[in-house]
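Report on the structure given below.
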Amino acid sequence: MRLFAVTVLVAGTLSTIPVQAEDLLAGADIGYGEYLSGECVTCHSQDGADKGIPSITGLDPETFATVMHAYKVGDIEHPVMKMVTSRLDAEQIASLAVFFASLPAAE
Ligand code: HEC
C-alpha cells in the first residue's frame, strides 16, 4: 500500500504533470531539504518506520518529487498531502526529495 501512489503514476499519469522529469531535481539543496523536513517528520517517521503513514525515506528522489507534484496538482487526491504540497515550490520539493532519499530506507 505504501507505494500505491507511485504505482498509480507509473501506470500512466506522468504526462499530466507539468514539470519535466529532468527538471524535477533542479535547484535541490540537501541542507535546505533537511530544514524543511521538520514539518514532514511530525507525520512521516524519520527512521523510515511505517506507523500507518507511509515511509518516505530512501525513495528514488525523482519518484519522490513526482509524487509530491502529483499531490500538489491533485493527480493523486489526498487532502493532507495536498495542503502540505500546496505551500511548497519546485525547488523546495526537489530539496526534500534529495534529503529524504539520503536517509536509510525502511526495514
Ligand atoms: C499531517 C500529516 C502529514 C504531514 C505533515 C506530511 N505528510 Fe506526507 N503523507 C501523509 C499521509 C497520510 C500520506 C499517505 C497519502 C496517501 O495515501 O496517498 C502521505 C504521503 C506522502 C508521500 C507518498 C508516499 C508513498 O509511498 O506513496 C510522500 C512522498 C510524502 N507524503 C511526503 C511528505 C513530505 C515531504 C512532507 C513534508 C513537506 C509531508 N509528506 C508531510 C501525511 C503527512
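Going by the C-alpha cells order, chains are called A, B, ..., each with residues numbered from 1, while ligands are numbered from 1 in the order shown.
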Protein and nucleic residues near ligand 1, 10 Å, only C-alpha atoms and all ligand atoms, as a PyMOL selection string = chain A and resi 1-9+33+36-45+52-57+59+61+63-71+76-88+92-97+99-100
Which one of A:Glu34, A:Ala90, A:Ala101, A:Gly27 sits closest to Gly58 (chain A) if you count only C-alpha atoms?
-> A:Ala101
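The space between CA of Tyr35 (chain A) and CA of Asp75 (chain A) spans 26.7 Å.
Pairwise distance (CA of Lys51 (chain A), CA of Gly74 (chain A)) equals 24.5 Å.
For the choices A:Val73, A:Ala105, A:Asp60, A:Val98, the atom-to-atom distance to Tyr32 (chain A) is smallest for A:Val98 when using only C-alpha atoms.
From CA of Gly48 (chain A) back to CA of Asp89 (chain A), the distance works out to 24.2 Å.
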Report as a ChimeraX atom specification: the residues of region 29-96 of chain A with a DSSP assignment of alpha helix (DSSP H), based on the backbone of this structure.
-> /A:30-40,61-73,79-86,90-96
Residue selection dump (N, CA, C and O atoms) as a short mmCIF file (atom, residue, chain, number, x, y, z; two decimals), in the first residue's frame:
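Output file result.cif is given in full below:
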```cif
data_model
loop_
_atom_site.label_atom_id
_atom_site.label_comp_id
_atom_site.auth_asym_id
_atom_site.auth_seq_id
_atom_site.Cartn_x
_atom_site.Cartn_y
_atom_site.Cartn_z
N ILE A 30 20.35 19.77 -0.29
CA ILE A 30 20.06 18.76 0.74
C ILE A 30 19.91 19.38 2.13
O ILE A 30 19.07 18.97 2.92
N GLY A 31 20.70 20.43 2.42
CA GLY A 31 20.61 21.09 3.72
C GLY A 31 19.28 21.81 3.89
O GLY A 31 18.68 21.79 4.97
N TYR A 32 18.83 22.41 2.81
CA TYR A 32 17.54 23.10 2.82
C TYR A 32 16.43 22.05 2.99
O TYR A 32 15.47 22.27 3.73
N GLY A 33 16.61 20.91 2.34
CA GLY A 33 15.64 19.82 2.47
C GLY A 33 15.53 19.35 3.91
O GLY A 33 14.44 19.09 4.41
N GLU A 34 16.67 19.25 4.57
CA GLU A 34 16.67 18.83 5.97
C GLU A 34 15.92 19.84 6.83
O GLU A 34 15.11 19.48 7.69
N TYR A 35 16.16 21.10 6.55
CA TYR A 35 15.48 22.18 7.27
C TYR A 35 13.96 22.08 7.08
O TYR A 35 13.18 22.15 8.03
N LEU A 36 13.55 21.88 5.83
CA LEU A 36 12.12 21.81 5.52
C LEU A 36 11.46 20.53 6.05
O LEU A 36 10.24 20.49 6.22
N SER A 37 12.26 19.51 6.30
CA SER A 37 11.70 18.20 6.66
C SER A 37 11.08 18.19 8.05
O SER A 37 10.37 17.25 8.40
N GLY A 38 11.35 19.21 8.85
CA GLY A 38 10.83 19.26 10.21
C GLY A 38 9.32 19.07 10.26
O GLY A 38 8.79 18.36 11.12
N GLU A 39 8.63 19.67 9.32
CA GLU A 39 7.17 19.56 9.25
C GLU A 39 6.75 18.14 8.89
O GLU A 39 5.78 17.61 9.43
N CYS A 40 7.50 17.54 7.98
CA CYS A 40 7.10 16.22 7.45
C CYS A 40 7.21 15.13 8.50
O CYS A 40 6.38 14.23 8.54
N PRO A 61 14.82 9.88 -5.59
CA PRO A 61 14.43 11.29 -5.48
C PRO A 61 13.50 11.78 -6.59
O PRO A 61 12.63 12.61 -6.36
N GLU A 62 13.67 11.26 -7.80
CA GLU A 62 12.77 11.70 -8.88
C GLU A 62 11.36 11.17 -8.66
O GLU A 62 10.38 11.86 -8.93
N THR A 63 11.26 9.95 -8.16
CA THR A 63 9.95 9.38 -7.85
C THR A 63 9.30 10.21 -6.75
O THR A 63 8.13 10.58 -6.83
N PHE A 64 10.08 10.51 -5.73
CA PHE A 64 9.60 11.31 -4.60
C PHE A 64 9.05 12.65 -5.10
O PHE A 64 7.93 13.05 -4.78
N ALA A 65 9.83 13.34 -5.92
CA ALA A 65 9.41 14.65 -6.43
C ALA A 65 8.19 14.52 -7.32
O ALA A 65 7.28 15.36 -7.27
N THR A 66 8.14 13.47 -8.11
CA THR A 66 6.99 13.25 -9.00
C THR A 66 5.71 13.09 -8.18
O THR A 66 4.67 13.69 -8.48
N VAL A 67 5.81 12.30 -7.10
CA VAL A 67 4.64 12.08 -6.25
C VAL A 67 4.21 13.39 -5.58
O VAL A 67 3.02 13.71 -5.52
N MET A 68 5.19 14.16 -5.11
CA MET A 68 4.88 15.44 -4.46
C MET A 68 4.14 16.38 -5.42
O MET A 68 3.15 17.02 -5.05
N HIS A 69 4.63 16.45 -6.66
CA HIS A 69 3.96 17.32 -7.64
C HIS A 69 2.56 16.79 -7.95
O HIS A 69 1.63 17.59 -8.18
N ALA A 70 2.40 15.48 -7.94
CA ALA A 70 1.09 14.89 -8.21
C ALA A 70 0.08 15.25 -7.12
O ALA A 70 -1.08 15.52 -7.40
N TYR A 71 0.54 15.26 -5.86
CA TYR A 71 -0.35 15.70 -4.77
C TYR A 71 -0.69 17.18 -4.97
O TYR A 71 -1.83 17.59 -4.78
N LYS A 72 0.31 17.95 -5.33
CA LYS A 72 0.14 19.40 -5.46
C LYS A 72 -0.90 19.76 -6.52
O LYS A 72 -1.76 20.60 -6.30
N VAL A 73 -0.84 19.10 -7.66
CA VAL A 73 -1.79 19.42 -8.74
C VAL A 73 -3.08 18.60 -8.65
O VAL A 73 -3.99 18.81 -9.43
N PRO A 79 -6.21 15.03 0.87
CA PRO A 79 -6.34 16.38 1.45
C PRO A 79 -5.12 16.84 2.24
O PRO A 79 -4.71 17.99 2.12
N VAL A 80 -4.56 15.95 3.05
CA VAL A 80 -3.42 16.36 3.89
C VAL A 80 -2.20 16.68 3.02
O VAL A 80 -1.60 17.75 3.14
N MET A 81 -1.85 15.77 2.13
CA MET A 81 -0.66 16.00 1.31
C MET A 81 -0.90 17.12 0.30
O MET A 81 0.03 17.79 -0.12
N LYS A 82 -2.14 17.35 -0.08
CA LYS A 82 -2.45 18.47 -0.96
C LYS A 82 -2.13 19.78 -0.22
O LYS A 82 -1.52 20.69 -0.76
N MET A 83 -2.54 19.83 1.04
CA MET A 83 -2.29 21.04 1.83
C MET A 83 -0.79 21.24 2.04
O MET A 83 -0.27 22.34 1.89
N VAL A 84 -0.10 20.15 2.36
CA VAL A 84 1.35 20.23 2.59
C VAL A 84 2.06 20.71 1.32
O VAL A 84 2.87 21.64 1.35
N THR A 85 1.75 20.09 0.19
CA THR A 85 2.48 20.40 -1.04
C THR A 85 2.07 21.74 -1.64
O THR A 85 2.85 22.35 -2.36
N SER A 86 0.89 22.22 -1.32
CA SER A 86 0.45 23.49 -1.90
C SER A 86 1.32 24.65 -1.43
O SER A 86 1.40 25.67 -2.09
N ALA A 90 8.80 24.18 -6.49
CA ALA A 90 9.54 23.05 -7.10
C ALA A 90 10.92 22.87 -6.47
O ALA A 90 11.38 21.74 -6.28
N GLU A 91 11.56 23.98 -6.11
CA GLU A 91 12.89 23.89 -5.51
C GLU A 91 12.82 23.26 -4.12
O GLU A 91 13.70 22.48 -3.73
N GLN A 92 11.80 23.60 -3.38
CA GLN A 92 11.63 23.03 -2.04
C GLN A 92 11.30 21.55 -2.13
O GLN A 92 11.83 20.74 -1.36
N ILE A 93 10.48 21.17 -3.10
CA ILE A 93 10.16 19.76 -3.30
C ILE A 93 11.43 19.00 -3.69
O ILE A 93 11.72 17.91 -3.17
N ALA A 94 12.24 19.58 -4.58
CA ALA A 94 13.48 18.94 -5.00
C ALA A 94 14.42 18.75 -3.81
O ALA A 94 15.05 17.70 -3.65
N SER A 95 14.50 19.76 -2.96
CA SER A 95 15.38 19.69 -1.80
C SER A 95 14.91 18.62 -0.82
O SER A 95 15.72 17.85 -0.28
N LEU A 96 13.60 18.54 -0.61
CA LEU A 96 13.06 17.49 0.26
C LEU A 96 13.33 16.11 -0.35
O LEU A 96 13.66 15.16 0.37
#
```
